[in-house]
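Pasted below: final09.cif, mmCIF, C-alpha atoms.
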```cif
data_my_file
loop_
_atom_site.group_PDB
_atom_site.id
_atom_site.type_symbol
_atom_site.label_atom_id
_atom_site.label_comp_id
_atom_site.auth_asym_id
_atom_site.auth_seq_id
_atom_site.Cartn_x
_atom_site.Cartn_y
_atom_site.Cartn_z
ATOM 1 C CA MET Y 1 0.000 0.000 0.000
ATOM 2 C CA ASN Y 2 2.855 2.302 -0.845
ATOM 3 C CA ASP Y 3 1.172 4.148 -3.692
ATOM 4 C CA MET Y 4 1.236 7.597 -2.092
ATOM 5 C CA THR Y 5 1.993 10.237 -4.688
ATOM 6 C CA ASP Y 6 3.895 13.475 -4.175
ATOM 7 C CA ASN Y 7 0.604 15.346 -4.244
ATOM 8 C CA ASP Y 8 -0.767 13.122 -1.477
ATOM 9 C CA GLU Y 9 2.292 13.848 0.627
ATOM 10 C CA LYS Y 10 1.907 17.562 -0.024
ATOM 11 C CA LEU Y 11 -1.725 17.336 1.011
ATOM 12 C CA GLY Y 12 -0.636 15.673 4.248
ATOM 13 C CA LYS Y 13 1.956 18.366 4.933
ATOM 14 C CA ARG Y 14 -0.467 21.183 4.181
ATOM 15 C CA ALA Y 15 -3.135 19.585 6.376
ATOM 16 C CA LYS Y 16 -0.617 19.186 9.192
ATOM 17 C CA ALA Y 17 0.446 22.845 8.881
ATOM 18 C CA LEU Y 18 -3.166 24.030 9.015
ATOM 19 C CA PHE Y 19 -3.877 21.768 11.965
ATOM 20 C CA ASP Y 20 -0.830 23.039 13.870
ATOM 21 C CA THR Y 21 -1.912 26.619 13.213
ATOM 22 C CA SER Y 22 -5.352 25.889 14.621
ATOM 23 C CA VAL Y 23 -3.679 24.315 17.683
ATOM 24 C CA ASP Y 24 -1.515 27.419 18.181
ATOM 25 C CA GLU Y 25 -4.616 29.591 18.032
ATOM 26 C CA LEU Y 26 -6.384 27.937 20.964
ATOM 27 C CA ASP Y 27 -7.600 30.620 23.356
ATOM 28 C CA GLY Y 28 -6.482 31.153 26.936
ATOM 29 C CA ALA Y 29 -9.676 29.839 28.531
ATOM 30 C CA THR Y 30 -9.330 26.547 26.659
ATOM 31 C CA LEU Y 31 -5.657 26.214 27.578
ATOM 32 C CA SER Y 32 -6.548 26.882 31.207
ATOM 33 C CA ARG Y 33 -9.146 24.096 31.169
ATOM 34 C CA LEU Y 34 -6.620 21.734 29.620
ATOM 35 C CA ASN Y 35 -4.148 22.656 32.330
ATOM 36 C CA ARG Y 36 -6.693 21.898 35.057
ATOM 37 C CA SER Y 37 -7.559 18.594 33.395
ATOM 38 C CA ARG Y 38 -3.894 17.642 33.291
ATOM 39 C CA ARG Y 39 -3.471 18.377 36.987
ATOM 40 C CA ARG Y 40 -6.479 16.239 37.824
ATOM 41 C CA ALA Y 41 -5.006 13.410 35.778
ATOM 42 C CA ILE Y 42 -1.607 13.717 37.472
ATOM 43 C CA ALA Y 43 -3.331 13.545 40.863
ATOM 44 C CA GLU Y 44 -4.776 10.180 39.805
ATOM 45 C CA LEU Y 45 -1.334 8.735 39.127
ATOM 46 C CA GLY Y 46 -0.558 7.873 42.753
ATOM 47 C CA ARG Y 47 -3.893 6.246 43.423
ATOM 48 C CA PRO Y 48 -4.186 2.471 43.630
ATOM 49 C CA GLY Y 49 -6.040 0.654 40.875
ATOM 50 C CA THR Y 50 -9.704 1.373 41.171
ATOM 51 C CA ALA Y 51 -10.947 -0.648 38.232
ATOM 52 C CA TRP Y 52 -12.733 -3.096 40.544
ATOM 53 C CA MET Y 53 -14.707 -0.263 42.143
ATOM 54 C CA ARG Y 54 -16.787 0.212 39.028
ATOM 55 C CA TRP Y 55 -18.410 -3.165 39.821
ATOM 56 C CA VAL Y 56 -19.413 -2.161 43.365
ATOM 57 C CA PRO Y 57 -22.800 -0.630 42.423
ATOM 58 C CA ALA Y 58 -23.614 -3.586 40.154
ATOM 59 C CA ALA Y 59 -22.633 -6.083 42.859
ATOM 60 C CA GLY Y 60 -24.775 -4.229 45.407
ATOM 61 C CA MET Y 61 -27.730 -4.239 43.052
ATOM 62 C CA ALA Y 62 -27.301 -7.954 42.323
ATOM 63 C CA THR Y 63 -27.162 -8.768 46.043
ATOM 64 C CA ALA Y 64 -30.299 -6.730 46.726
ATOM 65 C CA MET Y 65 -32.141 -8.497 43.893
ATOM 66 C CA LEU Y 66 -31.018 -11.901 45.164
ATOM 67 C CA VAL Y 67 -32.317 -11.126 48.660
ATOM 68 C CA ALA Y 68 -35.605 -9.893 47.195
ATOM 69 C CA VAL Y 69 -35.985 -13.052 45.095
ATOM 70 C CA MET Y 70 -35.250 -15.255 48.113
ATOM 71 C CA MET Y 71 -37.890 -13.446 50.153
ATOM 72 C CA ILE Y 72 -40.547 -13.582 47.433
ATOM 73 C CA VAL Y 73 -40.025 -17.120 46.111
ATOM 74 C CA PRO Y 74 -40.896 -19.826 48.700
ATOM 75 C CA ASP Y 75 -38.454 -22.500 49.852
ATOM 76 C CA PRO Y 76 -38.116 -25.258 47.170
ATOM 77 C CA GLY Y 77 -38.545 -27.953 49.881
ATOM 78 C CA GLN Y 78 -41.922 -26.572 50.726
ATOM 79 C CA GLN Y 79 -42.790 -26.409 47.036
ATOM 80 C CA GLU Y 80 -42.016 -30.122 46.573
ATOM 81 C CA GLN Y 81 -44.478 -31.026 49.310
ATOM 82 C CA ALA Y 82 -47.154 -28.654 48.166
ATOM 83 C CA VAL Y 83 -47.190 -29.500 44.487
ATOM 84 C CA PRO Y 84 -47.961 -33.257 44.661
ATOM 85 C CA THR Y 85 -50.642 -32.626 47.245
ATOM 86 C CA SER Y 86 -52.396 -30.066 45.130
ATOM 87 C CA VAL Y 87 -51.987 -32.217 42.008
ATOM 88 C CA THR Y 88 -53.468 -35.221 43.827
ATOM 89 C CA ASP Y 89 -56.341 -33.091 45.011
ATOM 90 C CA MET Y 90 -56.972 -31.940 41.487
ATOM 91 C CA GLU Y 91 -56.865 -35.484 40.123
ATOM 92 C CA ILE Y 92 -59.295 -36.616 42.746
ATOM 93 C CA LEU Y 93 -61.604 -33.707 42.145
ATOM 94 C CA LEU Y 94 -61.552 -34.038 38.359
ATOM 95 C CA GLY Y 95 -61.523 -37.849 37.901
ATOM 96 C CA ASP Y 96 -64.857 -39.731 37.695
ATOM 97 C CA GLU Y 97 -63.458 -43.036 38.946
ATOM 98 C CA GLU Y 98 -62.075 -41.496 42.115
ATOM 99 C CA PHE Y 99 -65.514 -40.029 42.855
ATOM 100 C CA GLU Y 100 -67.056 -43.492 42.672
ATOM 101 C CA MET Y 101 -64.319 -44.826 44.954
ATOM 102 C CA LEU Y 102 -64.987 -42.029 47.465
ATOM 103 C CA GLU Y 103 -68.702 -42.814 47.456
ATOM 104 C CA GLU Y 104 -67.944 -46.427 48.367
ATOM 105 C CA LEU Y 105 -65.077 -45.595 50.701
ATOM 106 C CA GLU Y 106 -67.072 -46.675 53.720
ATOM 107 C CA PHE Y 107 -67.744 -50.049 52.097
ATOM 108 C CA TYR Y 108 -64.051 -50.671 51.246
ATOM 109 C CA SER Y 109 -63.048 -49.680 54.772
ATOM 110 C CA TRP Y 110 -65.517 -52.177 56.218
ATOM 111 C CA MET Y 111 -64.235 -54.886 53.844
ATOM 112 C CA ASP Y 112 -60.614 -54.330 54.894
ATOM 113 C CA LEU Y 113 -61.545 -54.646 58.545
ATOM 114 C CA ALA Y 114 -63.606 -57.754 57.852
ATOM 115 C CA GLU Y 115 -60.715 -59.429 55.965
ATOM 116 C CA ASP Y 116 -58.357 -58.682 58.861
ATOM 117 C CA ASN Y 117 -60.763 -60.267 61.287
ATOM 118 C CA GLY Y 118 -61.438 -63.273 58.992
ATOM 119 C CA ASP Y 119 -65.136 -62.447 58.663
ATOM 120 C CA VAL Y 120 -65.101 -62.430 54.855
ATOM 121 C CA THR Y 121 -64.771 -65.792 53.139
ATOM 122 C CA MET I 1 19.118 -0.936 69.002
ATOM 123 C CA ARG I 2 21.696 -0.965 66.238
ATOM 124 C CA VAL I 3 19.616 -3.505 64.288
ATOM 125 C CA GLU I 4 16.509 -1.333 64.612
ATOM 126 C CA SER I 5 18.481 1.651 63.416
ATOM 127 C CA THR I 6 19.765 -0.275 60.370
ATOM 128 C CA VAL I 7 16.271 -1.494 59.511
ATOM 129 C CA PHE I 8 14.949 2.042 59.803
ATOM 130 C CA THR I 9 17.724 3.370 57.558
ATOM 131 C CA ILE I 10 17.078 0.715 54.870
ATOM 132 C CA SER I 11 13.337 1.325 55.054
ATOM 133 C CA TRP I 12 13.818 5.084 54.824
ATOM 134 C CA ALA I 13 16.164 4.709 51.841
ATOM 135 C CA GLY I 14 13.602 2.481 50.116
ATOM 136 C CA ASP I 15 10.803 4.973 50.733
ATOM 137 C CA GLN I 16 12.970 7.780 49.404
ATOM 138 C CA ALA I 17 13.802 5.803 46.240
ATOM 139 C CA ARG I 18 10.125 5.055 45.682
ATOM 140 C CA GLY I 19 9.261 8.708 46.285
ATOM 141 C CA THR I 20 11.902 9.851 43.808
ATOM 142 C CA ARG I 21 10.634 7.369 41.219
ATOM 143 C CA ALA I 22 7.037 8.488 41.744
ATOM 144 C CA LEU I 23 8.033 12.128 41.393
ATOM 145 C CA GLN I 24 9.927 11.347 38.213
ATOM 146 C CA GLN I 25 6.892 9.519 36.807
ATOM 147 C CA GLU I 26 4.688 12.479 37.647
ATOM 148 C CA ARG I 27 7.022 14.822 35.811
ATOM 149 C CA GLU I 28 7.230 12.527 32.799
ATOM 150 C CA LEU I 29 3.473 12.147 32.616
ATOM 151 C CA ASN I 30 2.978 15.887 33.041
ATOM 152 C CA ARG I 31 5.429 16.545 30.200
ATOM 153 C CA PHE I 32 3.708 13.986 27.965
ATOM 154 C CA LEU I 33 0.224 15.326 28.625
ATOM 155 C CA ALA I 34 1.314 18.941 28.209
ATOM 156 C CA ASP I 35 2.811 18.016 24.858
ATOM 157 C CA VAL I 36 -0.190 16.103 23.581
ATOM 158 C CA GLU I 37 -3.215 17.810 25.132
ATOM 159 C CA ARG I 38 -3.788 20.628 22.631
ATOM 160 C CA ARG I 39 -3.506 18.437 19.555
ATOM 161 C CA ALA I 40 -5.710 15.835 21.246
ATOM 162 C CA LEU I 41 -8.296 18.509 21.926
ATOM 163 C CA ARG I 42 -8.385 19.631 18.286
ATOM 164 C CA ILE I 43 -8.589 16.029 17.075
ATOM 165 C CA ALA I 44 -11.501 15.374 19.439
ATOM 166 C CA GLU I 45 -13.117 18.674 18.477
ATOM 167 C CA ILE I 46 -12.975 17.838 14.778
ATOM 168 C CA ALA I 47 -14.577 14.467 15.545
ATOM 169 C CA VAL I 48 -17.406 15.689 17.809
ATOM 170 C CA ARG I 49 -17.802 19.305 16.586
ATOM 171 C CA ASP I 50 -18.079 20.715 20.085
ATOM 172 C CA ARG I 51 -15.227 22.157 22.105
ATOM 173 C CA ASP I 52 -16.749 21.585 25.554
ATOM 174 C CA GLU I 53 -17.497 17.969 24.741
ATOM 175 C CA ALA I 54 -13.981 17.603 23.330
ATOM 176 C CA LEU I 55 -12.486 19.052 26.509
ATOM 177 C CA ASP I 56 -14.434 16.527 28.590
ATOM 178 C CA LEU I 57 -13.286 13.671 26.367
ATOM 179 C CA VAL I 58 -9.643 14.748 26.595
ATOM 180 C CA GLN I 59 -9.852 15.124 30.364
ATOM 181 C CA ASP I 60 -11.390 11.676 30.673
ATOM 182 C CA ALA I 61 -8.654 10.187 28.485
ATOM 183 C CA MET I 62 -5.948 11.882 30.564
ATOM 184 C CA ILE I 63 -7.374 10.573 33.825
ATOM 185 C CA ARG I 64 -7.815 7.040 32.493
ATOM 186 C CA LEU I 65 -4.280 7.017 31.139
ATOM 187 C CA ALA I 66 -2.854 8.186 34.470
ATOM 188 C CA ARG I 67 -4.978 5.785 36.490
ATOM 189 C CA ASN I 68 -4.553 2.652 34.387
ATOM 190 C CA TYR I 69 -1.309 3.090 32.471
ATOM 191 C CA GLY I 70 0.592 5.784 34.359
ATOM 192 C CA ARG I 71 3.097 3.219 35.641
ATOM 193 C CA ARG I 72 3.814 1.901 32.149
ATOM 194 C CA ASN I 73 6.843 2.871 30.128
ATOM 195 C CA SER I 74 6.383 6.387 28.768
ATOM 196 C CA ASP I 75 7.039 5.139 25.207
ATOM 197 C CA GLU I 76 3.688 3.334 25.370
ATOM 198 C CA TRP I 77 1.666 6.339 26.462
ATOM 199 C CA ALA I 78 0.952 7.999 23.094
ATOM 200 C CA PRO I 79 -0.820 5.055 21.412
ATOM 201 C CA LEU I 80 -2.579 4.124 24.666
ATOM 202 C CA PHE I 81 -3.744 7.697 25.213
ATOM 203 C CA TYR I 82 -5.113 7.952 21.703
ATOM 204 C CA ARG I 83 -6.759 4.566 21.983
ATOM 205 C CA ILE I 84 -8.587 5.743 25.099
ATOM 206 C CA LEU I 85 -9.504 9.010 23.385
ATOM 207 C CA GLN I 86 -10.750 7.299 20.214
ATOM 208 C CA ASN I 87 -12.826 4.881 22.293
ATOM 209 C CA GLY I 88 -14.269 7.870 24.133
ATOM 210 C CA ILE I 89 -15.109 9.574 20.833
ATOM 211 C CA ARG I 90 -16.805 6.419 19.524
ATOM 212 C CA ASP I 91 -18.821 6.071 22.751
ATOM 213 C CA TRP I 92 -19.790 9.735 22.472
ATOM 214 C CA HIS I 93 -21.097 9.192 18.934
ATOM 215 C CA ARG I 94 -23.066 6.136 20.081
ATOM 216 C CA ARG I 95 -24.624 8.102 22.941
ATOM 217 C CA GLN I 96 -25.462 10.954 20.566
ATOM 218 C CA ALA I 97 -27.108 8.522 18.156
ATOM 219 C CA VAL I 98 -29.264 7.104 20.958
ATOM 220 C CA ARG I 99 -30.068 10.620 22.181
ATOM 221 C CA ARG I 100 -31.101 11.684 18.686
ATOM 222 C CA ARG I 101 -33.359 8.627 18.342
ATOM 223 C CA VAL I 102 -35.010 9.406 21.678
ATOM 224 C CA LEU I 103 -35.462 13.077 20.798
ATOM 225 C CA VAL I 104 -36.892 12.194 17.395
ATOM 226 C CA TRP I 105 -39.276 9.803 19.115
ATOM 227 C CA PHE I 106 -40.424 12.661 21.336
ATOM 228 C CA GLY I 107 -40.607 14.983 18.313
ATOM 229 C CA ARG I 108 -37.729 17.244 19.345
ATOM 230 C CA GLY I 109 -34.915 15.914 17.229
ATOM 231 C CA GLN I 110 -34.611 18.445 14.464
ATOM 232 C CA GLY I 111 -32.521 21.476 13.949
ATOM 233 C CA ASN I 112 -29.294 21.510 15.958
ATOM 234 C CA GLU I 113 -27.025 19.522 13.632
ATOM 235 C CA ASP I 114 -25.338 22.627 12.313
ATOM 236 C CA ASP I 115 -25.313 24.775 15.416
ATOM 237 C CA PHE I 116 -21.529 24.626 15.688
ATOM 238 C CA ASP I 117 -20.029 27.723 14.125
ATOM 239 C CA ALA I 118 -16.327 27.274 13.488
ATOM 240 C CA VAL I 119 -15.818 30.966 12.746
ATOM 241 C CA ALA I 120 -17.548 32.103 15.926
ATOM 242 C CA ALA I 121 -15.610 29.563 17.974
ATOM 243 C CA ALA I 122 -12.283 30.413 16.398
ATOM 244 C CA PRO I 123 -9.810 32.279 18.568
ATOM 245 C CA ASP I 124 -8.411 35.713 17.877
ATOM 246 C CA PRO I 125 -5.436 36.017 15.538
ATOM 247 C CA ASN I 126 -1.960 36.105 17.055
ATOM 248 C CA GLY I 127 0.045 38.643 15.136
ATOM 249 C CA ARG I 128 -0.257 37.209 11.635
ATOM 250 C CA ALA I 129 -1.507 39.144 8.651
ATOM 251 C CA PRO I 130 -5.320 39.117 8.620
ATOM 252 C CA ASP I 131 -5.428 37.760 5.066
ATOM 253 C CA GLU I 132 -3.214 34.845 5.974
ATOM 254 C CA VAL I 133 -5.202 34.111 9.112
ATOM 255 C CA LEU I 134 -8.459 34.217 7.204
ATOM 256 C CA GLU I 135 -7.106 32.046 4.411
ATOM 257 C CA ASN I 136 -5.801 29.460 6.876
ATOM 258 C CA ARG I 137 -9.060 29.370 8.768
ATOM 259 C CA GLU I 138 -11.090 28.898 5.635
ATOM 260 C CA ALA I 139 -8.778 26.138 4.467
ATOM 261 C CA MET I 140 -8.923 24.482 7.889
ATOM 262 C CA ARG I 141 -12.696 24.730 7.871
ATOM 263 C CA ASP I 142 -12.787 23.042 4.480
ATOM 264 C CA LEU I 143 -10.432 20.364 5.751
ATOM 265 C CA GLU I 144 -12.556 19.752 8.853
ATOM 266 C CA ALA I 145 -15.693 19.530 6.732
ATOM 267 C CA ALA I 146 -13.992 17.031 4.438
ATOM 268 C CA LEU I 147 -12.743 15.008 7.405
ATOM 269 C CA ARG I 148 -16.229 14.793 8.887
ATOM 270 C CA VAL I 149 -17.569 13.274 5.699
ATOM 271 C CA LEU I 150 -15.019 10.448 5.855
ATOM 272 C CA PRO I 151 -15.911 7.114 7.472
ATOM 273 C CA ALA I 152 -14.862 7.217 11.132
ATOM 274 C CA ARG I 153 -12.004 4.720 10.762
ATOM 275 C CA GLN I 154 -10.496 6.589 7.818
ATOM 276 C CA ARG I 155 -10.759 9.855 9.726
ATOM 277 C CA GLU I 156 -9.075 8.308 12.772
ATOM 278 C CA ALA I 157 -6.233 6.912 10.666
ATOM 279 C CA PHE I 158 -5.668 10.206 8.879
ATOM 280 C CA MET I 159 -5.716 12.345 12.022
ATOM 281 C CA LEU I 160 -3.486 10.031 14.047
ATOM 282 C CA ARG I 161 -0.961 9.609 11.228
ATOM 283 C CA THR I 162 -0.982 13.186 9.915
ATOM 284 C CA PHE I 163 -1.832 15.399 12.880
ATOM 285 C CA GLU I 164 -0.339 13.386 15.712
ATOM 286 C CA CYS I 165 2.466 11.874 13.588
ATOM 287 C CA LEU I 166 2.003 8.414 15.101
ATOM 288 C CA ASP I 167 3.753 5.706 13.110
ATOM 289 C CA VAL I 168 1.797 2.808 11.600
ATOM 290 C CA ALA I 169 2.389 0.544 14.616
ATOM 291 C CA GLY I 170 1.334 3.237 17.097
ATOM 292 C CA THR I 171 -1.729 4.080 15.028
ATOM 293 C CA ALA I 172 -2.659 0.386 14.931
ATOM 294 C CA ILE I 173 -2.529 0.235 18.743
ATOM 295 C CA ALA I 174 -4.503 3.473 19.037
ATOM 296 C CA MET I 175 -7.166 2.233 16.612
ATOM 297 C CA GLY I 176 -7.203 -1.340 17.888
ATOM 298 C CA CYS I 177 -6.627 -2.864 14.451
ATOM 299 C CA SER I 178 -3.841 -4.347 12.334
ATOM 300 C CA GLU I 179 -1.093 -2.310 10.702
ATOM 301 C CA GLY I 180 -2.403 -3.391 7.298
ATOM 302 C CA SER I 181 -5.807 -1.944 8.143
ATOM 303 C CA VAL I 182 -4.188 1.320 9.188
ATOM 304 C CA LYS I 183 -2.412 1.588 5.840
ATOM 305 C CA THR I 184 -5.627 0.840 3.973
ATOM 306 C CA HIS I 185 -7.710 3.335 5.977
ATOM 307 C CA TYR I 186 -5.039 6.020 5.663
ATOM 308 C CA SER I 187 -4.567 5.576 1.931
ATOM 309 C CA ARG I 188 -8.315 5.666 1.305
ATOM 310 C CA ALA I 189 -8.650 8.727 3.514
ATOM 311 C CA VAL I 190 -5.980 10.646 1.602
ATOM 312 C CA HIS I 191 -7.520 9.799 -1.745
ATOM 313 C CA ALA I 192 -11.012 10.711 -0.555
ATOM 314 C CA LEU I 193 -9.763 13.994 0.907
ATOM 315 C CA ARG I 194 -8.004 14.894 -2.317
ATOM 316 C CA GLY I 195 -11.188 14.343 -4.265
ATOM 317 C CA GLN I 196 -13.325 16.328 -1.842
ATOM 318 C CA LEU I 197 -10.927 19.216 -1.410
ATOM 319 C CA GLU I 198 -10.342 19.575 -5.127
ATOM 320 C CA ALA I 199 -14.097 19.852 -5.471
ATOM 321 C CA HIS I 200 -14.153 22.420 -2.649
ATOM 322 C CA GLY I 201 -11.404 24.510 -4.201
ATOM 323 C CA PRO I 202 -7.680 24.419 -4.784
ATOM 324 C CA ASP I 203 -6.607 26.254 -1.590
ATOM 325 C CA LEU I 204 -5.907 23.248 0.530
ATOM 326 C CA VAL I 205 -4.658 20.867 -2.103
ATOM 327 C CA ARG I 206 -2.211 23.439 -3.404
ATOM 328 C CA PRO I 207 1.014 23.362 -1.416
ATOM 329 C CA THR I 208 2.085 26.600 0.222
ATOM 330 C CA GLU I 209 5.774 26.450 -0.788
#
```

Write out the structure in this file as structure tokens.
Amino acid sequence: MNDMTDNDEKLGKRAKALFDTSVDELDGATLSRLNRSRRRAIAELGRPGTAWMRWVPAAGMATAMLVAVMMIVPDPGQQEQAVPTSVTDMEILLGDEEFEMLEELEFYSWMDLAEDNGDVT
Amino acid sequence: MRVESTVFTISWAGDQARGTRALQQERELNRFLADVERRALRIAEIAVRDRDEALDLVQDAMIRLARNYGRRNSDEWAPLFYRILQNGIRDWHRRQAVRRRVLVWFGRGQGNEDDFDAVAAAPDPNGRAPDEVLENREAMRDLEAALRVLPARQREAFMLRTFECLDVAGTAIAMGCSEGSVKTHYSRAVHALRGQLEAHGPDLVRPTE
């Protein structure tokens, strides 16, 4: 990529000269602000690395959300007990066969007792 | 007692050496930043078209350089500084794009694209002939306008190579790309600028000698 012509080089030199002129013409107020900025930057030189500190707010937020989730969502152990019970209830309530069994529950109970006692032959 | 005294002396000598080294680093960094800050400001200003925003970007780049790379070898500072600055400029453009979208959504996005007035913002002349000052400013304004039309990567390559005189390797570090890409971007930028500035007028393309 070394196809730069003399005219391209002259363009570069002219552009650089114009740019340098515009730099030399910066006003006092701007130079003063740059000076203050530089001093602030130099003051940062002695400070220990603070890159990790940018994660502090995010970590705090994540912890707060975790605590909130733990308080809102119930304990999984409790969930395991609750779910089968409610599912069984629903099956019993919705299934026709179970209704018939419930209606004759007293009969089956009597039959079990009778078998244990040897009354049924 | 003698042992304690020896330990104290060694410790004190170590502290003094560290203090001297820190002071030297401060001076080196101060010298580097003082050398680079004005050109960096103009480069940022050309990219974002706003001096206050450019000043903020340069200050941010200075602080990040001092904080994160201040202990590095001073030879590495220039490309690292410009990499931080270019990243800041890119982030600024992204934020502006989002801001414009939001303002357009709320129906307040029109009108302030061309508020920046280079003539009004230009400083007073410093002892040069008024004609020369005026001619230079007009040529610089044309150059800035042509630079703004370039794709961002071409503009970065041209400004870092031409204005800041970084070599190809330093420009590659500053731009976060390969040296081959730098050469390509730079070459395309020069050719595009020639075309645009010839269309604008011969003032800038014509050498002054």

Could you list, with a cut-off of 7 Å and counting all atoms listed in the file, the residues of chain I near chain Y, each shown with its nearest atom pair and the distance in Å rounded to one decimal, rows sorted by chain and ascending number, as JSON lines?
```
{"residue": "I:Glu26", "atom": "CA", "partner": "Y:Ile42", "partner_atom": "CA", "distance": 6.4}
{"residue": "I:Asn30", "atom": "CA", "partner": "Y:Ile42", "partner_atom": "CA", "distance": 6.7}
{"residue": "I:Leu33", "atom": "CA", "partner": "Y:Arg38", "partner_atom": "CA", "distance": 6.6}
{"residue": "I:Glu37", "atom": "CA", "partner": "Y:Leu34", "partner_atom": "CA", "distance": 6.9}
{"residue": "I:Arg38", "atom": "CA", "partner": "Y:Val23", "partner_atom": "CA", "distance": 6.2}
{"residue": "I:Arg39", "atom": "CA", "partner": "Y:Val23", "partner_atom": "CA", "distance": 6.2}
{"residue": "I:Arg42", "atom": "CA", "partner": "Y:Val23", "partner_atom": "CA", "distance": 6.7}
{"residue": "I:Gln59", "atom": "CA", "partner": "Y:Ser37", "partner_atom": "CA", "distance": 5.1}
{"residue": "I:Met62", "atom": "CA", "partner": "Y:Ala41", "partner_atom": "CA", "distance": 5.5}
{"residue": "I:Ile63", "atom": "CA", "partner": "Y:Ala41", "partner_atom": "CA", "distance": 4.2}
{"residue": "I:Ala66", "atom": "CA", "partner": "Y:Leu45", "partner_atom": "CA", "distance": 4.9}
{"residue": "I:Arg67", "atom": "CA", "partner": "Y:Leu45", "partner_atom": "CA", "distance": 5.4}
{"residue": "I:Asn68", "atom": "CA", "partner": "Y:Gly49", "partner_atom": "CA", "distance": 6.9}
{"residue": "I:Gly70", "atom": "CA", "partner": "Y:Leu45", "partner_atom": "CA", "distance": 5.9}
{"residue": "I:Pro123", "atom": "CA", "partner": "Y:Asp27", "partner_atom": "CA", "distance": 5.5}
{"residue": "I:Pro125", "atom": "CA", "partner": "Y:Glu25", "partner_atom": "CA", "distance": 6.9}
{"residue": "I:Asn136", "atom": "CA", "partner": "Y:Leu18", "partner_atom": "CA", "distance": 6.4}
{"residue": "I:Met140", "atom": "CA", "partner": "Y:Leu18", "partner_atom": "CA", "distance": 5.9}
{"residue": "I:Thr162", "atom": "CA", "partner": "Y:Lys16", "partner_atom": "CA", "distance": 6.1}
{"residue": "I:Phe163", "atom": "CA", "partner": "Y:Lys16", "partner_atom": "CA", "distance": 5.4}
{"residue": "I:Lys183", "atom": "CA", "partner": "Y:Met1", "partner_atom": "CA", "distance": 6.5}
{"residue": "I:Thr184", "atom": "CA", "partner": "Y:Met1", "partner_atom": "CA", "distance": 6.9}
{"residue": "I:Val190", "atom": "CA", "partner": "Y:Asp8", "partner_atom": "CA", "distance": 6.5}
{"residue": "I:Leu204", "atom": "CA", "partner": "Y:Arg14", "partner_atom": "CA", "distance": 6.9}
{"residue": "I:Val205", "atom": "CA", "partner": "Y:Leu11", "partner_atom": "CA", "distance": 5.5}
{"residue": "I:Pro207", "atom": "CA", "partner": "Y:Lys10", "partner_atom": "CA", "distance": 6.0}
```

**Asked** Interatomic distance between CA of His93 (chain I) and CA of Ala169 (chain I)?
**Response** 25.4 Å

**Asked** In Å, how far is it from CA of Leu160 (chain I) to CA of Ala40 (chain I)?
**Response** 9.5 Å

**Item:** Counting only C-alpha atoms, the residue of I:Ala61, I:Ala192, I:Val168, I:Val98 that sits nearest Arg155 (chain I)
**Value:**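 The shortest atom-to-atom distance to Arg155 (chain I) comes from I:Ala192.
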
**Request:** Translate the PyMOL selection byres ((chain I and resi 87) around 12), as applied to the file shown, into an explicit residue set as a PyMOL selection string.
**Result:** chain I and resi 44+47+57-58+60-61+64+80-86+88-94+152-153+156+173-176

**Asked** When you draw a straight line from CA of Trp77 (chain I) to CA of Arg31 (chain I), how long is it in Å?
**Response**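 Those two atoms sit 11.5 Å apart.
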
Given 6 Å of margin on each side, can you work out the centre and size in Å (one decimal) of an axis-aligned box holding every listed atom of region 159-165 of chain I, as lines of an AutoDock Vina configuration file?
```
center_x = -1.6
center_y = 12.5
center_z = 12.8
size_x = 20.2
size_y = 17.8
size_z = 17.8
```

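Taken over the whole file, the PyMOL selection byres ((chain I and resi 145) around 12) covers exactly Ile46, Ala47, Val48, Arg49, Asp114, Phe116, Asp117, Ala118, Glu138, Ala139, Met140, Arg141, Asp142, Leu143, Glu144, Ala146, Leu147, Arg148, Val149, Leu150, Arg155, Leu193, Gln196, Leu197 and His200 of chain I.
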
**Request:** Find the residue from I:Ala17, I:Ala172, I:Leu23, I:Leu166 that sits nearest to Arg71 (chain I); use only C-alpha atoms when measuring.
**Result:**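 Between I:Ala17, I:Ala172, I:Leu23, I:Leu166, the residue approaching Arg71 (chain I) most closely is I:Leu23.
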
**Prompt:** Restricting the calculation to only C-alpha atoms, which member of I:Glu164, I:Arg21, I:Asp75, I:Ala189 is positioned closest to Val36 (chain I)?
**Reply:**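 With only C-alpha atoms as the atom set, the closest residue is I:Glu164.
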